[in-house]
Amino acid sequence: MPELPEVETVRRGLAELIVGKTISAETHDTEKGFPNTPADVAVFLIGAQVTAVRRRAKVLMIDLSTEHTLLIHLKMTGQLVFVSDNDRFGAGHPNDSLIHQLPDTSTRVTLTFSDGSHLFFNDQRKFGWMRLLPTIEIPNITFMQKVGPEPLANDFTVQEFMQRLARRGRTNIKAALLDQSVVAGVGNIYADEALWGAKIHPKRLVQTITDEEFTALYHELRAVMNLAIKKGGSSNHTYINAEGKRGSYMDFARAFRREGLPCPRCGTTIEKLRVAGRGTHICPHCQVL
DNA sequence: CACTTGACCTGTCCGC
DNA sequence: TGCGGACAGGTCAAGT
C-alpha cells in the first residue's frame with residue numbers, strides 16, 4: 001500500500017507518539033512476518049527504549065536503546081497504529097472507531113509499552129514484514145545497497161534523476177519510476193500523478209524522453225510527493241496513519257483512480273489501462289504515445 | 001544483462 | 001444470494 005508520502009506520514013506520527021517509550025512485551029502471529037528468534041526479542045527488544053523513528057524509501061526504522069533497530073515494510077496493506085491506554089473504549093462505545101477495536105484479525109505484531117499503550121502492526125495481505133537488526137548493520141543489507149536516492153532530498157538533482165532513469169532506457173517510463181533502485185519511494189499512485197503532471201504517456205520508452213520532459217517529471221514528482229505528505233498521504237480502504245487517521249491526497253488526485261472523470265487540465269475523460277503489470281490512469285489527450 | 005511475469009496473501013467488487 | 005474471476009498504493013524470484 002503505502003508509498004513514500006504514506007510511510008513518511010506514519011513516521012512523523014510515530015516519532016511524536018513512541019520516542020522515549022519502553023517496550024515491555026511483544027507478540028506476533030507467525031514467524032513469516034517477524035523472523036527474529038525469541039532469544040533475540042528477549043535480549044534486544046523487551047526492555048528497550050525507542051530513541052528515534054527514521055525512514056528510508058518505504059522502510060520504517062524504529063531505533064532502540066539496545067543498538068538494534070526494528071525495520072518495517074508495510075508493503076500493500078500494512079498499518080502501524082498506536083493506541084494509548086486511554087483510547088481503548090471497545091466496540092459500541094460512542095468514541096468507537098477502527099483503532100479502538102485492535103487487535104483484530106489483521107494484527108500480525110503487537111508491541112506493548114510500559115505505560116500500557118500499544119503499537120499494532122496490522123497487515124491484511126501478510127506481504128509486509130518487521131525484523132530486528134543491529135543498527136550498525138542496516139547500511140549493509142541488500143535493500144540499502146540497491147535502493148536509489150530519496151527524491152525529496154535537497155541534494156537530489158534533475159541531472160541525477162536523468163542519469164539514473166537512463167540506465168533503464170529500453171523499458172517504459174512507468175516501470176522505470178517504480179524501480180526502487182532508480183529512485184526511492186515511488187509507487188503506483190504517485191507514478192501516475194507525476195506522469196500526468198509532466199504530460200508523459202506511461203508506456204513511452206525511457207530512451208525517447210527529452211531532457212525537457214525529464215525535467216518536468218522531476219519537478220512534478222517532487223511536487224506531488226510534497227503535497228501528498230502535506231495531506232497526510234492517500235487513503236484507500238486500508239491505509240491509516242499511526243493515529244488511525246486517513247490521508248486526504250485522493251481529494252487532490254488528478255489522474256489516479258479517476259477513470260471516467262474529466263481531466264482537470266483539458267476535460268477529456270481519464271482512462272484506465274495496464275502498464276508494467278499495474279493499473280494505470282492517463283488523460284489520453286494530455287499524455288500521448 | 002535487461003526486462004517481464006508470476007507468486008506471495010486476503011478481502012472486495014463486479015458480472016453471471 | 002452465491003460463485004468465479006479480476007483486482008488491490010509492493011517487491012522478489014524465476015522466466016524469456
# chains A, B, ... in the order shown; residues from 1 in each chain; ligands from 1
>>> residues_around(residues="A:Leu289", least_positions_apart="6", cutoff="9 Å", atoms="only C-alpha atoms (C1' of nucleotides)", output="VMD selection string")
chain A and resid 200 to 204
>>> interface_residues(of="chain B", to="chain A", cutoff="9 Å", atoms="only C-alpha atoms (C1' of nucleotides)", output="PyMOL selection string")
chain B and resi 2-5+8-11
>>> write_last_selection(atoms="N, CA and C atoms (P, O5', C5', C4', C3', O3' and C1' of nucleotides)", output="PDB file, in the first residue's frame")
ATOM      1  P    DA B   2      22.040  -4.487 -16.993  1.00  0.00           P
ATOM      2  O5'  DA B   2      20.797  -4.743 -17.944  1.00  0.00           O
ATOM      3  C5'  DA B   2      20.843  -4.365 -19.319  1.00  0.00           C
ATOM      4  C4'  DA B   2      19.457  -4.498 -19.895  1.00  0.00           C
ATOM      5  C3'  DA B   2      18.390  -3.766 -19.090  1.00  0.00           C
ATOM      6  O3'  DA B   2      17.475  -3.184 -19.996  1.00  0.00           O
ATOM      7  C1'  DA B   2      17.874  -6.065 -19.159  1.00  0.00           C
ATOM      8  P    DC B   3      16.358  -2.255 -19.495  1.00  0.00           P
ATOM      9  O5'  DC B   3      15.096  -3.219 -19.500  1.00  0.00           O
ATOM     10  C5'  DC B   3      14.742  -3.926 -20.703  1.00  0.00           C
ATOM     11  C4'  DC B   3      13.754  -5.019 -20.373  1.00  0.00           C
ATOM     12  C3'  DC B   3      12.563  -4.570 -19.529  1.00  0.00           C
ATOM     13  O3'  DC B   3      11.394  -4.604 -20.321  1.00  0.00           O
ATOM     14  C1'  DC B   3      13.389  -6.708 -18.893  1.00  0.00           C
ATOM     15  P    DT B   4       9.970  -4.336 -19.709  1.00  0.00           P
ATOM     16  O5'  DT B   4       9.446  -5.810 -19.455  1.00  0.00           O
ATOM     17  C5'  DT B   4       9.443  -6.760 -20.520  1.00  0.00           C
ATOM     18  C4'  DT B   4       8.758  -8.037 -20.063  1.00  0.00           C
ATOM     19  C3'  DT B   4       7.393  -7.825 -19.406  1.00  0.00           C
ATOM     20  O3'  DT B   4       6.520  -8.814 -19.941  1.00  0.00           O
ATOM     21  C1'  DT B   4       8.807  -9.024 -17.931  1.00  0.00           C
ATOM     22  P    DT B   5       5.006  -8.922 -19.587  1.00  0.00           P
ATOM     23  O5'  DT B   5       4.961 -10.123 -18.553  1.00  0.00           O
ATOM     24  C5'  DT B   5       5.449 -11.411 -18.946  1.00  0.00           C
ATOM     25  C4'  DT B   5       5.432 -12.339 -17.739  1.00  0.00           C
ATOM     26  C3'  DT B   5       4.094 -12.381 -16.999  1.00  0.00           C
ATOM     27  O3'  DT B   5       3.689 -13.736 -16.960  1.00  0.00           O
ATOM     28  C1'  DT B   5       5.893 -12.075 -15.484  1.00  0.00           C
ATOM     29  P    DC B   8       2.704 -19.022  -4.431  1.00  0.00           P
ATOM     30  O5'  DC B   8       2.751 -17.908  -3.281  1.00  0.00           O
ATOM     31  C5'  DC B   8       3.983 -17.617  -2.636  1.00  0.00           C
ATOM     32  C4'  DC B   8       3.868 -16.287  -1.967  1.00  0.00           C
ATOM     33  C3'  DC B   8       2.646 -16.133  -1.060  1.00  0.00           C
ATOM     34  O3'  DC B   8       3.054 -16.366   0.284  1.00  0.00           O
ATOM     35  C1'  DC B   8       3.177 -14.134  -2.268  1.00  0.00           C
ATOM     36  P    DC B   9       2.157 -17.213   1.247  1.00  0.00           P
ATOM     37  O5'  DC B   9       1.125 -16.100   1.690  1.00  0.00           O
ATOM     38  C5'  DC B   9      -0.216 -16.372   1.610  1.00  0.00           C
ATOM     39  C4'  DC B   9      -0.972 -15.104   1.919  1.00  0.00           C
ATOM     40  C3'  DC B   9      -2.458 -15.368   1.979  1.00  0.00           C
ATOM     41  O3'  DC B   9      -2.803 -15.417   3.352  1.00  0.00           O
ATOM     42  C1'  DC B   9      -1.971 -13.410   0.684  1.00  0.00           C
ATOM     43  P    DT B  10      -4.214 -16.065   3.740  1.00  0.00           P
ATOM     44  O5'  DT B  10      -5.176 -14.811   3.586  1.00  0.00           O
ATOM     45  C5'  DT B  10      -5.019 -13.695   4.441  1.00  0.00           C
ATOM     46  C4'  DT B  10      -5.925 -12.593   3.936  1.00  0.00           C
ATOM     47  C3'  DT B  10      -7.400 -12.974   3.897  1.00  0.00           C
ATOM     48  O3'  DT B  10      -8.064 -12.031   4.707  1.00  0.00           O
ATOM     49  C1'  DT B  10      -6.731 -11.912   1.881  1.00  0.00           C
ATOM     50  P    DG B  11      -9.620 -12.161   5.002  1.00  0.00           P
ATOM     51  O5'  DG B  11     -10.217 -10.970   4.141  1.00  0.00           O
ATOM     52  C5'  DG B  11      -9.689  -9.672   4.320  1.00  0.00           C
ATOM     53  C4'  DG B  11     -10.260  -8.751   3.271  1.00  0.00           C
ATOM     54  C3'  DG B  11     -11.776  -8.822   3.117  1.00  0.00           C
ATOM     55  O3'  DG B  11     -12.246  -7.495   3.060  1.00  0.00           O
ATOM     56  C1'  DG B  11     -10.734  -9.157   1.031  1.00  0.00           C
TER      57       DG B  11
END
>>> select_by_dssp(residues="stretch 69-276 of chain A", states="alpha helix (DSSP H)", output="JSON, numbers by chain")
{"A": [142, 143, 144, 145, 146, 158, 159, 160, 161, 162, 163, 164, 165, 166, 173, 174, 175, 176, 177, 178, 188, 189, 190, 191, 192, 193, 194, 195, 196, 197, 211, 212, 213, 214, 215, 216, 217, 218, 219, 220, 221, 222, 223, 224, 225, 226, 227, 228, 229, 230]}
>>> closest_atom_pairs(of="chain C", to="chain A", cutoff="9 Å", atoms="only C-alpha atoms (C1' of nucleotides)", output="CSV")
residue,atom,partner,partner_atom,distance
C:DC7,C1',A:Gly279,CA,8.9
C:DA8,C1',A:Met76,CA,8.1
C:DG9,C1',A:Met1,CA,3.9
C:DG10,C1',A:Lys75,CA,4.9
C:DT11,C1',A:Lys75,CA,7.9
>>> write_last_selection(atoms="N, CA and C atoms (P, O5', C5', C4', C3', O3' and C1' of nucleotides)", output="tab-separated table (two decimals), in the first residue's frame")
chain	number	residue	atom	x	y	z
C	7	DC	P	-7.85	-7.54	-14.20
C	7	DC	O5'	-7.72	-6.75	-12.82
C	7	DC	C5'	-8.83	-6.00	-12.34
C	7	DC	C4'	-8.58	-5.68	-10.89
C	7	DC	C3'	-7.12	-5.30	-10.59
C	7	DC	O3'	-7.07	-3.92	-10.28
C	7	DC	C1'	-8.05	-6.75	-8.93
C	8	DA	P	-5.64	-3.19	-10.16
C	8	DA	O5'	-5.47	-2.96	-8.59
C	8	DA	C5'	-6.44	-2.23	-7.86
C	8	DA	C4'	-6.10	-2.36	-6.39
C	8	DA	C3'	-4.59	-2.33	-6.10
C	8	DA	O3'	-4.21	-1.05	-5.60
C	8	DA	C1'	-5.70	-4.14	-4.97
C	9	DG	P	-3.50	-0.06	-6.45
C	9	DG	O5'	-2.07	0.09	-5.80
C	9	DG	C5'	-1.07	0.89	-6.42
C	9	DG	C4'	-0.18	1.48	-5.34
C	9	DG	C3'	0.33	0.45	-4.35
C	9	DG	O3'	1.59	0.90	-3.89
C	9	DG	C1'	-0.93	2.01	-3.21
C	10	DG	P	2.84	0.33	-4.73
C	10	DG	O5'	2.97	-1.00	-3.88
C	10	DG	C5'	3.20	-0.93	-2.50
C	10	DG	C4'	4.43	-1.75	-2.13
C	10	DG	C3'	5.65	-1.45	-2.97
C	10	DG	O3'	6.79	-1.56	-2.13
C	10	DG	C1'	4.94	-3.70	-3.32
C	11	DT	P	8.28	-1.33	-2.69
C	11	DT	O5'	8.76	-2.75	-3.16
C	11	DT	C5'	9.21	-3.57	-2.10
C	11	DT	C4'	9.33	-4.98	-2.50
C	11	DT	C3'	10.59	-5.27	-3.34
C	11	DT	O3'	11.33	-6.12	-2.53
C	11	DT	C1'	8.73	-6.49	-4.10
>>> residues_around(residues="stretch 214-227 of chain A", least_positions_apart="3", cutoff="8 Å", atoms="only C-alpha atoms (C1' of nucleotides)", output="ChimeraX atom specification")
/A:4-5,151-152,158,161-162,190-191,193-195,197-198,209-211,230-231,249
>>> atom_distance(atom1="atom CA of A:Val59", atom2="atom CA of A:Val7")
7.5 Å
>>> select_by_dssp(residues="stretch 65-179 of chain A", states="strand (DSSP E or B)", output="count of residues only")
32
>>> residues_around(residues="stretch 130-139 of chain A", least_positions_apart="3", cutoff="7 Å", atoms="only C-alpha atoms (C1' of nucleotides)", output="PyMOL selection string")
chain A and resi 33-36+67-73+144-145
>>> atom_distance(atom1="atom CA of A:His28", atom2="atom CA of A:Ala42")
13.4 Å
>>> atom_distance(atom1="atom CA of A:Thr110", atom2="atom CA of A:Val41")
12.7 Å
>>> residues_around(residues="A:Ala242", least_positions_apart="3", cutoff="9 Å", atoms="only C-alpha atoms (C1' of nucleotides)", output="list in words")
Thr9, Val10, Arg11, Arg12, Gly13, Leu14, Leu17, Gln79, Leu80, Val81, Phe82, Val83, Leu119 and Lys245 of chain A
>>> decode(residues="chain C", atoms="N, CA and C atoms (P, O5', C5', C4', C3', O3' and C1' of nucleotides)", output="short mmCIF file (atom, residue, chain, number, x, y, z; two decimals), in the first residue's frame")
data_model
loop_
_atom_site.label_atom_id
_atom_site.label_comp_id
_atom_site.auth_asym_id
_atom_site.auth_seq_id
_atom_site.Cartn_x
_atom_site.Cartn_y
_atom_site.Cartn_z
P DT C 1 -30.13 -11.42 -0.24
"O5'" DT C 1 -29.43 -12.79 -0.66
"C5'" DT C 1 -29.81 -14.03 -0.02
"C4'" DT C 1 -28.93 -15.07 -0.66
"C3'" DT C 1 -27.47 -14.90 -0.27
"O3'" DT C 1 -27.00 -16.13 0.29
"C1'" DT C 1 -27.71 -14.93 -2.65
P DG C 2 -25.63 -16.78 0.17
"O5'" DG C 2 -25.51 -17.09 -1.40
"C5'" DG C 2 -26.07 -18.30 -1.92
"C4'" DG C 2 -25.14 -18.86 -2.98
"C3'" DG C 2 -23.67 -18.90 -2.56
"O3'" DG C 2 -23.09 -20.07 -3.10
"C1'" DG C 2 -23.90 -17.46 -4.43
P DC C 3 -21.62 -20.52 -2.86
"O5'" DC C 3 -20.99 -20.20 -4.29
"C5'" DC C 3 -21.42 -20.87 -5.47
"C4'" DC C 3 -20.64 -20.33 -6.64
"C3'" DC C 3 -19.13 -20.30 -6.38
"O3'" DC C 3 -18.45 -20.89 -7.47
"C1'" DC C 3 -19.89 -18.17 -7.05
P DG C 4 -16.90 -21.29 -7.43
"O5'" DG C 4 -16.36 -20.43 -8.65
"C5'" DG C 4 -17.02 -20.50 -9.92
"C4'" DG C 4 -16.41 -19.45 -10.83
"C3'" DG C 4 -14.89 -19.39 -10.75
"O3'" DG C 4 -14.37 -19.25 -12.05
"C1'" DG C 4 -15.82 -17.29 -10.10
P DG C 5 -12.79 -19.25 -12.36
"O5'" DG C 5 -12.55 -17.67 -12.55
"C5'" DG C 5 -13.33 -16.96 -13.49
"C4'" DG C 5 -12.94 -15.50 -13.44
"C3'" DG C 5 -11.43 -15.29 -13.34
"O3'" DG C 5 -11.06 -14.31 -14.28
"C1'" DG C 5 -12.52 -14.18 -11.55
P DA C 6 -9.57 -13.87 -14.56
"O5'" DA C 6 -9.64 -12.33 -14.14
"C5'" DA C 6 -10.75 -11.54 -14.54
"C4'" DA C 6 -10.65 -10.20 -13.86
"C3'" DA C 6 -9.21 -9.69 -13.76
"O3'" DA C 6 -9.21 -8.29 -14.02
"C1'" DA C 6 -10.13 -9.88 -11.59
P DC C 7 -7.85 -7.54 -14.20
"O5'" DC C 7 -7.72 -6.75 -12.82
"C5'" DC C 7 -8.83 -6.00 -12.34
"C4'" DC C 7 -8.58 -5.68 -10.89
"C3'" DC C 7 -7.12 -5.30 -10.59
"O3'" DC C 7 -7.07 -3.92 -10.28
"C1'" DC C 7 -8.05 -6.75 -8.93
P DA C 8 -5.64 -3.19 -10.16
"O5'" DA C 8 -5.47 -2.96 -8.59
"C5'" DA C 8 -6.44 -2.23 -7.86
"C4'" DA C 8 -6.10 -2.36 -6.39
"C3'" DA C 8 -4.59 -2.33 -6.10
"O3'" DA C 8 -4.21 -1.05 -5.60
"C1'" DA C 8 -5.70 -4.14 -4.97
P DG C 9 -3.50 -0.06 -6.45
"O5'" DG C 9 -2.07 0.09 -5.80
"C5'" DG C 9 -1.07 0.89 -6.42
"C4'" DG C 9 -0.18 1.48 -5.34
"C3'" DG C 9 0.33 0.45 -4.35
"O3'" DG C 9 1.59 0.90 -3.89
"C1'" DG C 9 -0.93 2.01 -3.21
P DG C 10 2.84 0.33 -4.73
"O5'" DG C 10 2.97 -1.00 -3.88
"C5'" DG C 10 3.20 -0.93 -2.50
"C4'" DG C 10 4.43 -1.75 -2.13
"C3'" DG C 10 5.65 -1.45 -2.97
"O3'" DG C 10 6.79 -1.56 -2.13
"C1'" DG C 10 4.94 -3.70 -3.32
P DT C 11 8.28 -1.33 -2.69
"O5'" DT C 11 8.76 -2.75 -3.16
"C5'" DT C 11 9.21 -3.57 -2.10
"C4'" DT C 11 9.33 -4.98 -2.50
"C3'" DT C 11 10.59 -5.27 -3.34
"O3'" DT C 11 11.33 -6.12 -2.53
"C1'" DT C 11 8.73 -6.49 -4.10
P DC C 12 12.84 -6.34 -2.51
"O5'" DC C 12 12.88 -7.92 -2.32
"C5'" DC C 12 13.33 -8.63 -3.37
"C4'" DC C 12 12.68 -9.98 -3.39
"C3'" DC C 12 13.48 -10.87 -4.31
"O3'" DC C 12 13.91 -12.01 -3.58
"C1'" DC C 12 11.21 -10.72 -5.06
P DA C 13 15.13 -12.82 -4.22
"O5'" DA C 13 14.34 -13.90 -5.08
"C5'" DA C 13 13.39 -14.76 -4.45
"C4'" DA C 13 12.72 -15.61 -5.52
"C3'" DA C 13 13.71 -16.37 -6.40
"O3'" DA C 13 13.23 -17.70 -6.56
"C1'" DA C 13 12.35 -14.93 -7.75
P DA C 14 14.04 -18.82 -7.40
"O5'" DA C 14 13.34 -18.75 -8.83
"C5'" DA C 14 11.95 -19.07 -8.95
"C4'" DA C 14 11.48 -18.74 -10.34
"C3'" DA C 14 12.33 -19.41 -11.45
"O3'" DA C 14 11.45 -20.06 -12.34
"C1'" DA C 14 12.09 -17.09 -11.87
P DG C 15 12.03 -20.98 -13.56
"O5'" DG C 15 11.69 -20.06 -14.82
"C5'" DG C 15 10.31 -19.91 -15.23
"C4'" DG C 15 10.22 -18.77 -16.22
"C3'" DG C 15 11.00 -19.02 -17.51
"O3'" DG C 15 10.08 -19.30 -18.57
"C1'" DG C 15 11.40 -16.82 -16.64
P DT C 16 10.69 -19.75 -20.00
"O5'" DT C 16 10.96 -18.35 -20.72
"C5'" DT C 16 9.88 -17.51 -21.12
"C4'" DT C 16 10.43 -16.27 -21.81
"C3'" DT C 16 11.24 -16.57 -23.07
"O3'" DT C 16 10.69 -15.86 -24.17
"C1'" DT C 16 12.42 -15.09 -21.64
#
